[in-house]
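A.B. asks: My structure is stored as structure.tsv, with TSV, C-alpha atoms (C1' of nucleotides).
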chain	number	residue	atom	x	y	z
C	4	MET	CA	0.00	0.00	0.00
C	5	GLY	CA	2.59	2.48	1.11
C	6	VAL	CA	5.17	3.40	-1.44
C	7	ASP	CA	8.04	1.79	0.42
C	8	CYS	CA	6.24	-1.28	1.62
C	9	HIS	CA	7.21	-4.62	0.17
C	10	HIS	CA	5.04	-6.92	2.20
C	11	THR	CA	3.47	-9.76	0.34
C	12	GLU	CA	1.39	-11.11	3.19
C	13	SER	CA	-1.44	-9.20	4.66
C	14	ALA	CA	-1.46	-8.36	8.30
C	15	GLN	CA	-5.11	-9.29	8.36
C	16	PRO	CA	-5.97	-12.19	6.10
C	17	GLY	CA	-9.59	-12.48	5.11
C	18	LEU	CA	-11.86	-15.29	6.17
C	19	GLU	CA	-12.50	-18.35	4.08
C	20	GLY	CA	-14.17	-21.71	4.26
C	21	VAL	CA	-15.69	-22.55	7.61
C	22	ALA	CA	-14.64	-19.34	9.30
C	23	LEU	CA	-16.34	-17.31	6.60
C	24	ALA	CA	-19.47	-19.45	6.75
C	25	ASP	CA	-19.55	-19.07	10.52
C	26	ALA	CA	-19.22	-15.32	10.37
C	27	VAL	CA	-22.01	-15.07	7.83
C	28	ALA	CA	-24.16	-17.43	9.85
C	29	ALA	CA	-23.66	-15.29	12.91
C	30	ALA	CA	-24.85	-12.25	10.99
C	31	VAL	CA	-27.84	-14.17	9.68
C	32	SER	CA	-28.94	-15.28	13.11
C	33	LYS	CA	-28.36	-11.87	14.58
C	34	CYS	CA	-30.59	-10.36	11.92
C	35	GLU	CA	-33.23	-12.97	12.55
C	36	ARG	CA	-33.27	-12.03	16.19
C	37	THR	CA	-33.60	-8.32	15.45
C	38	ARG	CA	-35.97	-8.81	12.51
C	39	ASP	CA	-33.56	-7.09	10.14
C	40	ARG	CA	-33.35	-8.36	6.62
C	41	LEU	CA	-29.98	-9.59	5.46
C	42	THR	CA	-31.05	-9.75	1.84
C	43	PRO	CA	-28.90	-11.25	-0.93
C	44	PRO	CA	-27.09	-8.06	-1.95
C	45	ARG	CA	-26.42	-7.17	1.68
C	46	ARG	CA	-25.19	-10.62	2.43
C	47	ARG	CA	-23.01	-10.65	-0.65
C	48	VAL	CA	-21.31	-7.38	0.30
C	49	LEU	CA	-20.78	-8.64	3.83
C	50	GLU	CA	-19.14	-11.77	2.43
C	51	LEU	CA	-16.84	-9.71	0.26
C	52	LEU	CA	-15.79	-7.60	3.23
C	53	LEU	CA	-15.16	-10.67	5.37
C	54	GLU	CA	-13.14	-12.37	2.63
C	55	ALA	CA	-10.96	-9.34	2.02
C	56	ASP	CA	-7.43	-9.02	3.36
C	57	GLY	CA	-7.94	-5.41	4.29
C	58	PRO	CA	-10.12	-2.36	3.82
C	59	MET	CA	-12.16	-2.55	0.62
C	60	LYS	CA	-13.00	0.43	-1.55
C	61	ALA	CA	-16.58	0.72	-2.68
C	62	TYR	CA	-15.61	0.22	-6.31
C	63	ASP	CA	-13.57	-2.84	-5.41
C	64	LEU	CA	-16.75	-4.28	-3.96
C	65	ILE	CA	-18.66	-3.23	-7.05
C	66	ALA	CA	-16.14	-4.98	-9.28
C	67	ALA	CA	-16.02	-8.13	-7.18
C	68	TYR	CA	-19.75	-8.39	-6.62
C	69	GLY	CA	-20.84	-10.71	-9.41
C	70	GLN	CA	-19.93	-14.38	-9.10
C	71	ASN	CA	-19.16	-14.52	-12.80
C	72	GLY	CA	-17.21	-11.28	-12.97
C	73	ALA	CA	-20.19	-9.07	-13.63
C	74	PRO	CA	-19.93	-5.91	-11.58
C	75	ALA	CA	-22.75	-4.54	-9.45
C	76	LYS	CA	-24.33	-1.18	-10.02
C	77	PRO	CA	-22.95	1.38	-7.55
C	78	PRO	CA	-26.22	1.98	-5.66
C	79	THR	CA	-26.50	-1.74	-4.95
C	80	VAL	CA	-23.25	-1.74	-3.05
C	81	TYR	CA	-23.68	1.65	-1.40
C	82	ARG	CA	-27.10	0.67	-0.12
C	83	ALA	CA	-25.76	-2.58	1.24
C	84	LEU	CA	-22.95	-0.71	2.95
C	85	ASP	CA	-25.43	1.69	4.51
C	86	PHE	CA	-27.31	-1.25	5.92
C	87	LEU	CA	-24.22	-3.02	7.19
C	88	GLU	CA	-22.95	0.13	8.85
C	89	ARG	CA	-26.32	0.81	10.39
C	90	LEU	CA	-26.42	-2.66	11.93
C	91	GLY	CA	-22.81	-2.49	13.02
C	92	PHE	CA	-21.59	-5.24	10.67
C	93	ALA	CA	-19.23	-2.91	8.88
C	94	HIS	CA	-17.43	0.34	9.35
C	95	ARG	CA	-16.40	3.01	6.96
C	96	ILE	CA	-12.87	4.28	7.41
C	97	GLU	CA	-13.19	7.92	6.49
C	98	SER	CA	-9.55	8.62	5.89
C	99	LEU	CA	-9.32	5.78	3.38
C	100	ASN	CA	-12.73	5.95	1.74
C	101	ALA	CA	-12.85	2.26	2.47
C	102	TYR	CA	-14.85	-0.29	4.38
C	103	VAL	CA	-14.09	-3.13	6.76
C	104	PRO	CA	-16.21	-5.73	8.46
C	105	CYS	CA	-16.67	-5.14	12.16
C	106	ARG	CA	-14.28	-7.26	14.20
C	107	MET	CA	-15.60	-6.34	17.59
C	108	GLU	CA	-18.14	-8.30	19.57
C	109	GLY	CA	-20.41	-5.72	21.11
C	110	ALA	CA	-21.60	-3.64	18.21
C	111	SER	CA	-21.34	-0.18	19.63
C	112	HIS	CA	-21.67	3.15	17.96
C	113	ARG	CA	-17.97	3.61	18.30
C	114	ALA	CA	-15.32	2.69	15.81
C	115	ALA	CA	-11.63	3.19	16.27
C	116	PHE	CA	-8.82	2.09	13.99
C	117	LEU	CA	-5.10	1.88	13.90
C	118	ILE	CA	-4.25	2.31	10.25
C	119	CYS	CA	-0.85	1.30	8.95
C	120	GLU	CA	0.38	3.76	6.35
C	121	CYS	CA	2.81	1.19	5.02
C	122	CYS	CA	0.84	-2.03	4.52
C	123	GLY	CA	-2.65	-0.55	4.63
C	124	ALA	CA	-3.89	-2.78	7.42
C	125	ALA	CA	-6.62	-1.36	9.61
C	126	GLN	CA	-6.80	-2.79	13.09
C	127	GLU	CA	-10.02	-2.13	14.91
C	128	PHE	CA	-9.81	-1.58	18.62
C	129	GLU	CA	-12.10	-0.68	21.45
C	130	PRO	CA	-11.34	2.84	22.53
C	131	ASP	CA	-12.04	4.42	25.85
C	132	PHE	CA	-13.76	7.62	24.91
C	133	ALA	CA	-14.90	8.40	28.42
C	134	PRO	CA	-12.75	11.52	28.87
C	135	GLN	CA	-13.58	13.08	25.51
C	136	PHE	CA	-17.18	12.12	25.90
C	137	ALA	CA	-17.42	13.72	29.30
C	138	ALA	CA	-15.74	16.88	28.09
C	139	ALA	CA	-18.11	17.16	25.16
C	140	GLU	CA	-21.20	16.62	27.28
C	141	ALA	CA	-19.91	19.15	29.77
C	142	ALA	CA	-19.72	21.67	26.93
C	143	GLY	CA	-23.38	21.00	26.19
C	144	TYR	CA	-22.94	18.70	23.24
C	145	ALA	CA	-25.04	15.61	22.82
C	146	VAL	CA	-22.64	13.17	21.25
C	147	ARG	CA	-24.12	10.46	19.07
C	148	THR	CA	-21.18	8.75	17.42
C	149	VAL	CA	-17.43	9.02	17.64
C	150	THR	CA	-14.90	8.09	15.00
C	151	LEU	CA	-11.24	7.77	15.76
C	152	GLU	CA	-8.57	6.98	13.21
C	153	ALA	CA	-4.94	6.76	14.22
C	154	ARG	CA	-2.39	6.57	11.44
C	155	GLY	CA	1.11	5.27	11.71
C	156	LEU	CA	3.04	2.05	11.34
C	157	CYS	CA	1.98	-1.39	12.45
C	158	PRO	CA	4.48	-3.54	14.37
C	159	ALA	CA	5.64	-5.43	11.27
C	160	CYS	CA	6.18	-2.35	9.16
C	161	LYS	CA	7.83	-0.47	11.99
C	162	VAL	CA	10.52	-3.13	12.21
C	163	GLU	CA	11.10	-3.12	8.49
C	164	ALA	CA	11.48	0.64	8.38
Z	11	MET	CA	-27.48	22.03	7.33
Z	12	GLY	CA	-29.44	19.32	8.98
Z	13	VAL	CA	-32.83	18.62	7.53
Z	14	ASP	CA	-34.72	19.82	10.59
Z	15	CYS	CA	-32.52	22.74	11.43
Z	16	HIS	CA	-33.91	26.21	11.03
Z	17	HIS	CA	-31.08	28.26	12.39
Z	18	THR	CA	-30.26	31.38	10.51
Z	19	GLU	CA	-27.19	32.36	12.47
Z	20	SER	CA	-24.07	30.31	12.39
Z	21	ALA	CA	-22.67	28.96	15.59
Z	22	GLN	CA	-19.26	29.99	14.34
Z	23	PRO	CA	-19.27	33.21	12.39
Z	24	GLY	CA	-16.31	33.79	10.13
Z	25	LEU	CA	-13.73	36.47	10.62
Z	26	GLU	CA	-13.89	39.83	8.90
Z	27	GLY	CA	-12.19	43.18	8.91
Z	28	VAL	CA	-9.49	43.59	11.51
Z	29	ALA	CA	-9.89	40.14	12.99
Z	30	LEU	CA	-9.40	38.59	9.59
Z	31	ALA	CA	-6.41	40.78	8.84
Z	32	ASP	CA	-4.89	39.88	12.18
Z	33	ALA	CA	-5.33	36.18	11.63
Z	34	VAL	CA	-3.74	36.39	8.20
Z	35	ALA	CA	-0.92	38.53	9.56
Z	36	ALA	CA	-0.27	35.94	12.23
Z	37	ALA	CA	0.04	33.27	9.58
Z	38	VAL	CA	2.32	35.46	7.53
Z	39	SER	CA	4.70	36.12	10.38
Z	40	LYS	CA	4.65	32.50	11.44
Z	41	CYS	CA	5.64	31.47	7.94
Z	42	GLU	CA	8.38	34.07	7.87
Z	43	ARG	CA	9.80	32.62	11.04
Z	44	THR	CA	9.75	29.08	9.68
Z	45	ARG	CA	10.79	30.09	6.15
Z	46	ASP	CA	7.64	28.61	4.68
Z	47	ARG	CA	6.10	30.37	1.73
Z	48	LEU	CA	2.58	31.62	2.18
Z	49	THR	CA	2.15	32.32	-1.52
Z	50	PRO	CA	-0.87	34.12	-3.00
Z	51	PRO	CA	-2.99	31.04	-3.69
Z	52	ARG	CA	-2.23	29.61	-0.26
Z	53	ARG	CA	-3.00	32.88	1.39
Z	54	ARG	CA	-6.19	33.26	-0.58
Z	55	VAL	CA	-7.47	29.84	0.48
Z	56	LEU	CA	-6.56	30.56	4.08
Z	57	GLU	CA	-8.55	33.80	3.90
Z	58	LEU	CA	-11.56	31.98	2.50
Z	59	LEU	CA	-11.41	29.44	5.30
Z	60	LEU	CA	-11.11	32.13	7.94
Z	61	GLU	CA	-13.99	34.14	6.47
Z	62	ALA	CA	-16.30	31.15	6.31
Z	63	ASP	CA	-19.04	30.52	8.83
Z	64	GLY	CA	-18.31	26.84	8.96
Z	65	PRO	CA	-16.54	23.98	7.24
Z	66	MET	CA	-15.91	24.70	3.56
Z	67	LYS	CA	-16.04	22.09	0.83
Z	68	ALA	CA	-13.17	22.11	-1.62
Z	69	TYR	CA	-15.45	23.06	-4.47
Z	70	ASP	CA	-16.91	25.89	-2.43
Z	71	LEU	CA	-13.38	27.22	-2.12
Z	72	ILE	CA	-12.85	26.70	-5.82
Z	73	ALA	CA	-15.99	28.65	-6.63
Z	74	ALA	CA	-15.21	31.46	-4.20
Z	75	TYR	CA	-11.56	31.76	-5.09
Z	76	GLY	CA	-11.60	34.49	-7.72
Z	77	GLN	CA	-12.22	38.07	-6.58
Z	78	ASN	CA	-14.38	38.69	-9.61
Z	79	GLY	CA	-16.29	35.45	-9.50
Z	80	ALA	CA	-13.85	33.47	-11.55
Z	81	PRO	CA	-13.37	30.05	-10.05
Z	82	ALA	CA	-9.98	28.49	-9.38
Z	83	LYS	CA	-8.81	25.30	-10.99
Z	84	PRO	CA	-9.15	22.36	-8.60
Z	85	PRO	CA	-5.43	21.63	-8.21
Z	86	THR	CA	-4.82	25.21	-7.13
Z	87	VAL	CA	-7.09	24.81	-4.14
Z	88	TYR	CA	-6.12	21.24	-3.31
Z	89	ARG	CA	-2.44	22.16	-3.30
Z	90	ALA	CA	-3.10	25.12	-1.07
Z	91	LEU	CA	-5.07	22.92	1.28
Z	92	ASP	CA	-2.22	20.42	1.40
Z	93	PHE	CA	0.13	23.20	2.39
Z	94	LEU	CA	-2.20	24.64	5.00
Z	95	GLU	CA	-2.80	21.24	6.54
Z	96	ARG	CA	0.89	20.45	6.55
Z	97	LEU	CA	1.64	23.62	8.49
Z	98	GLY	CA	-1.31	23.22	10.80
Z	99	PHE	CA	-3.23	26.23	9.51
Z	100	ALA	CA	-6.17	24.11	8.43
Z	101	HIS	CA	-7.73	20.75	9.06
Z	102	ARG	CA	-9.66	18.41	6.88
Z	103	ILE	CA	-12.79	16.98	8.45
Z	104	GLU	CA	-12.92	13.52	6.97
Z	105	SER	CA	-16.53	12.78	7.71
Z	106	LEU	CA	-17.65	15.96	5.95
Z	107	ASN	CA	-15.15	16.15	3.09
Z	108	ALA	CA	-14.65	19.71	4.27
Z	109	TYR	CA	-12.01	22.01	5.62
Z	110	VAL	CA	-11.72	24.44	8.50
Z	111	PRO	CA	-9.04	26.85	9.64
Z	112	CYS	CA	-7.22	25.74	12.74
Z	113	ARG	CA	-8.58	27.44	15.83
Z	114	MET	CA	-6.06	26.08	18.27
Z	115	GLU	CA	-2.89	27.79	19.36
Z	116	GLY	CA	-0.30	25.09	19.48
Z	117	ALA	CA	-0.33	23.49	16.08
Z	118	SER	CA	-0.15	19.84	16.98
Z	119	HIS	CA	-0.55	16.80	14.84
Z	120	ARG	CA	-3.86	16.18	16.51
Z	121	ALA	CA	-7.23	17.39	15.39
Z	122	ALA	CA	-10.48	16.69	17.16
Z	123	PHE	CA	-13.92	18.02	16.32
Z	124	LEU	CA	-17.39	18.13	17.71
Z	125	ILE	CA	-19.60	18.22	14.65
Z	126	CYS	CA	-23.21	19.31	14.94
Z	127	GLU	CA	-25.41	17.23	12.67
Z	128	CYS	CA	-28.09	19.89	12.80
Z	129	CYS	CA	-26.39	23.21	12.06
Z	130	GLY	CA	-23.17	21.85	10.60
Z	131	ALA	CA	-20.88	23.67	13.00
Z	132	ALA	CA	-17.56	22.02	13.71
Z	133	GLN	CA	-16.01	22.93	17.02
Z	134	GLU	CA	-12.35	22.11	17.34
Z	135	PHE	CA	-11.11	20.99	20.71
Z	136	GLU	CA	-7.91	19.77	22.25
Z	137	PRO	CA	-8.29	16.10	22.96
Z	138	ASP	CA	-6.37	14.04	25.44
Z	139	PHE	CA	-5.28	11.07	23.44
Z	140	ALA	CA	-2.89	9.81	26.05
Z	141	PRO	CA	-4.80	6.61	26.83
Z	142	GLN	CA	-5.39	5.61	23.21
Z	143	PHE	CA	-1.88	6.59	22.32
Z	144	ALA	CA	-0.42	4.50	25.08
Z	145	ALA	CA	-2.56	1.52	24.16
Z	146	ALA	CA	-1.50	1.74	20.54
Z	147	GLU	CA	2.18	2.03	21.36
Z	148	ALA	CA	1.87	-0.87	23.74
Z	149	ALA	CA	0.51	-2.94	20.86
Z	150	GLY	CA	3.61	-2.07	18.87
Z	151	TYR	CA	2.14	0.62	16.70
Z	152	ALA	CA	4.02	3.80	15.96
Z	153	VAL	CA	1.27	6.39	15.84
Z	154	ARG	CA	1.90	9.43	13.71
Z	155	THR	CA	-1.40	11.29	13.61
Z	156	VAL	CA	-4.77	10.88	15.24
Z	157	THR	CA	-8.09	12.16	13.98
Z	158	LEU	CA	-11.17	12.23	16.14
Z	159	GLU	CA	-14.58	13.31	14.96
Z	160	ALA	CA	-17.54	13.25	17.32
Z	161	ARG	CA	-20.97	13.78	15.81
Z	162	GLY	CA	-24.05	14.91	17.63
Z	163	LEU	CA	-25.89	18.07	18.51
Z	164	CYS	CA	-24.37	21.34	19.62
Z	165	PRO	CA	-25.88	23.09	22.66
Z	166	ALA	CA	-28.09	25.39	20.57
Z	167	CYS	CA	-29.51	22.65	18.39
Z	168	LYS	CA	-29.96	20.30	21.31
Z	169	VAL	CA	-32.28	22.82	22.97
Z	170	GLU	CA	-34.26	23.35	19.80
Z	171	ALA	CA	-34.78	19.66	19.26
L	6	DG	C1'	-56.83	-13.51	2.04
L	7	DC	C1'	-55.95	-9.04	0.59
L	8	DA	C1'	-55.41	-4.27	0.23
L	9	DA	C1'	-52.28	-0.42	1.59
L	10	DG	C1'	-48.11	1.12	3.08
L	11	DA	C1'	-43.26	0.44	3.87
L	12	DA	C1'	-38.96	-1.29	2.64
L	13	DG	C1'	-35.89	-3.09	-0.79
L	14	DT	C1'	-34.07	-3.58	-5.54
L	15	DG	C1'	-32.76	-2.53	-10.47
L	16	DT	C1'	-31.47	0.87	-13.62
L	17	DT	C1'	-30.00	5.16	-15.86
L	18	DA	C1'	-27.85	9.09	-15.32
L	19	DT	C1'	-25.47	12.58	-13.00
L	20	DG	C1'	-23.07	15.00	-9.41
L	21	DA	C1'	-19.15	15.71	-6.21
L	22	DA	C1'	-14.37	15.03	-4.75
L	23	DA	C1'	-9.67	14.44	-5.90
L	24	DT	C1'	-5.58	13.59	-8.65
L	25	DA	C1'	-2.35	12.59	-12.86
L	26	DA	C1'	0.62	14.52	-15.95
L	27	DC	C1'	3.23	17.91	-17.99
L	28	DA	C1'	4.71	22.59	-19.13
L	29	DT	C1'	6.17	26.93	-17.16
L	30	DA	C1'	7.66	30.16	-13.66
L	31	DA	C1'	9.80	31.58	-9.31
L	32	DC	C1'	12.59	31.14	-5.55
L	33	DT	C1'	17.23	29.19	-3.28
L	34	DG	C1'	22.02	28.49	-2.55
L	35	DT	C1'	26.49	28.54	-4.52
G	24	DA	C1'	24.17	33.20	-13.60
G	25	DC	C1'	23.46	28.51	-13.10
G	26	DA	C1'	21.51	24.26	-11.33
G	27	DG	C1'	18.30	22.35	-8.24
G	28	DT	C1'	14.18	22.68	-5.97
G	29	DT	C1'	9.66	24.32	-5.10
G	30	DA	C1'	5.43	26.29	-6.71
G	31	DT	C1'	2.03	27.34	-10.25
G	32	DG	C1'	-1.08	26.96	-14.49
G	33	DT	C1'	-3.65	24.01	-17.29
G	34	DT	C1'	-6.04	20.04	-19.40
G	35	DA	C1'	-7.95	15.93	-18.67
G	36	DT	C1'	-9.25	12.07	-16.13
G	37	DT	C1'	-10.22	9.15	-12.29
G	38	DT	C1'	-12.48	8.07	-8.14
G	39	DC	C1'	-16.32	8.29	-5.02
G	40	DA	C1'	-21.22	8.78	-4.19
G	41	DT	C1'	-26.11	9.86	-4.89
G	42	DA	C1'	-30.64	11.45	-7.36
G	43	DA	C1'	-34.60	9.90	-9.43
G	44	DC	C1'	-37.94	6.70	-10.90
G	45	DA	C1'	-40.07	2.26	-11.99
G	46	DC	C1'	-40.82	-2.06	-10.11
G	47	DT	C1'	-40.93	-5.83	-6.67
G	48	DT	C1'	-41.25	-7.84	-2.19
G	49	DC	C1'	-42.29	-7.87	2.49
G	50	DT	C1'	-45.62	-6.84	6.47
G	51	DT	C1'	-49.43	-5.83	8.94
G	52	DG	C1'	-54.04	-4.53	9.99
G	53	DC	C1'	-58.39	-5.69	8.70
Could you render the structure from this file as structure tokens?
C.D. replies:
Amino acid sequence: MGVDCHHTESAQPGLEGVALADAVAAAVSKCERTRDRLTPPRRRVLELLLEADGPMKAYDLIAAYGQNGAPAKPPTVYRALDFLERLGFAHRIESLNAYVPCRMEGASHRAAFLICECCGAAQEFEPDFAPQFAAAEAAGYAVRTVTLEARGLCPACKVEA
Amino acid sequence: MGVDCHHTESAQPGLEGVALADAVAAAVSKCERTRDRLTPPRRRVLELLLEADGPMKAYDLIAAYGQNGAPAKPPTVYRALDFLERLGFAHRIESLNAYVPCRMEGASHRAAFLICECCGAAQEFEPDFAPQFAAAEAAGYAVRTVTLEARGLCPACKVEA
DNA sequence: GCAAGAAGTGTTATGAAATAACATAACTGT
DNA sequence: ACAGTTATGTTATTTCATAACACTTCTTGC
């Protein structure tokens, strides 16, 4: 990803086989419980995100959508992404214009990432926003969502540099 | 900005007259000290940001650039924004695709905003990233920059809602 | 069951955001 | 003044995202 990065292996390999099936099944059952509809296009986009080795651009998803190489129409994918974000199955990484499946258990309204500028990996983590949150509320703000994106070098790329 | 927001006054009025001149002069002298070149296009974009009542889109800047109504070419504005961000005179708000002048004194590599989803105001604040920073470094990451964007309602819009 | 509304999809077209590439001009240090 | 670097001007293109509308599928109250 970065200009001086020569990694061949991804820091975050995508799911496949049983692991992928399990992750999809978990989403299916979660949607059944909440009466949300994980329709075919939504499910397909979720699969693509889970299979990916890293953050996926919307137009990568569009290109990869069809099983036979046929691309999707942009609104198909953007609508699916809206749904997946809304349900907490995916996150948009603003500073990359890219999307990742949610790796955290408790789907909160918070998303925080450590983004490697060398290999492009995006590691989700659970931030403690308590201080910022408290400060904002003290100033009279009603905070709804918080996005945090830290950029730098992941352990592997730090060593190499 | 928001669909159910009827505010006429901005929460953050832009600078004009002496205040604007002072702010620009401060940037000029800061650049003189650091031997950076606040060239005409860069200065013009900085002025536009300072004059604005809120976050400016790049194409708003492009449209407003010429004194006589003539728009700028996109690269002119994007290059100026790169410069202004690099020196800490401006910040990009990722979740809005928009830009604001820096309101903080010490130009750090950190930018944090409280963004009102109703009136569109973006209030910059000085976050305490120490905990997140420490956690990231402990995990082996070398953090370079951190962006935090909290979305919700500002005090004025909270009352109205 | 079935009508009425809501939610989802397919499709065409367009709008908005950002950059590539290359030629020219202006500073900088020697 | 010259060589190297930094900045600008310009054209074109690429990338990212949504508007609008017709149609289908769910759902829910009767």
A.B. asks: One decimal, Å: what's the distance from CA of Cys112 in chain Z over to CA of Ile96 in chain C, could you say?
C.D. replies: 22.8 Å
A.B. asks: Residues of chain C no more than 7 Å from chain Z, counting all atoms listed in the file: send them over as a PDB file with C-alpha atoms, in the coordinates of the input.
C.D. replies:
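Writing done, so here's part.pdb:
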ATOM      1  CA  GLU C  97     -13.190   7.920   6.490  1.00  0.00           C
ATOM      2  CA  SER C  98      -9.550   8.620   5.890  1.00  0.00           C
ATOM      3  CA  PRO C 130     -11.340   2.840  22.530  1.00  0.00           C
ATOM      4  CA  GLN C 135     -13.580  13.080  25.510  1.00  0.00           C
ATOM      5  CA  GLY C 143     -23.380  21.000  26.190  1.00  0.00           C
ATOM      6  CA  TYR C 144     -22.940  18.700  23.240  1.00  0.00           C
ATOM      7  CA  ALA C 145     -25.040  15.610  22.820  1.00  0.00           C
ATOM      8  CA  VAL C 146     -22.640  13.170  21.250  1.00  0.00           C
ATOM      9  CA  ARG C 147     -24.120  10.460  19.070  1.00  0.00           C
ATOM     10  CA  THR C 148     -21.180   8.750  17.420  1.00  0.00           C
ATOM     11  CA  VAL C 149     -17.430   9.020  17.640  1.00  0.00           C
ATOM     12  CA  THR C 150     -14.900   8.090  15.000  1.00  0.00           C
ATOM     13  CA  LEU C 151     -11.240   7.770  15.760  1.00  0.00           C
ATOM     14  CA  GLU C 152      -8.570   6.980  13.210  1.00  0.00           C
ATOM     15  CA  ALA C 153      -4.940   6.760  14.220  1.00  0.00           C
ATOM     16  CA  ARG C 154      -2.390   6.570  11.440  1.00  0.00           C
ATOM     17  CA  GLY C 155       1.110   5.270  11.710  1.00  0.00           C
ATOM     18  CA  LEU C 156       3.040   2.050  11.340  1.00  0.00           C
ATOM     19  CA  CYS C 157       1.980  -1.390  12.450  1.00  0.00           C
ATOM     20  CA  PRO C 158       4.480  -3.540  14.370  1.00  0.00           C
ATOM     21  CA  LYS C 161       7.830  -0.470  11.990  1.00  0.00           C
TER      22      LYS C 161
END
A.B. asks: Taking only C-alpha atoms (C1' of nucleotides) into account and nothing else, which residues of chain C lie no more than 10 Å away from chain L? Please answer as a VMD selection string.
C.D. replies: chain C and resid 40 42 44 76 78 to 79 82
A.B. asks: Return the neighbours of chain C among the residues of chain G, cut-off 12 Å, counting all atoms listed in the file, as a list in words.
C.D. replies: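 Matching residues, ligands excluded from the count: DT38, DC39, DA40, DT41, DA42, DT48, DC49 and DT50 of chain G.
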A.B. asks: Need the axis-aligned box for range 36-49 of chain G with 3 Å each side, so what are the centre and edges in Å to one decimal, as lines of an AutoDock Vina configuration file?
C.D. replies:
center_x = -25.8
center_y = 2.1
center_z = -6.8
size_x = 39.0
size_y = 25.9
size_z = 24.6
A.B. asks: Grab the CA of Glu95 in chain Z to CA of Ala141 in chain C distance for me, in Å with one decimal place.
C.D. replies: 28.9 Å
A.B. asks: Would you mind reading off the distance between C1' of DT47 in chain G and CA of Ala26 in chain C, one decimal, in Å?
C.D. replies: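 The value is 29.2 Å.
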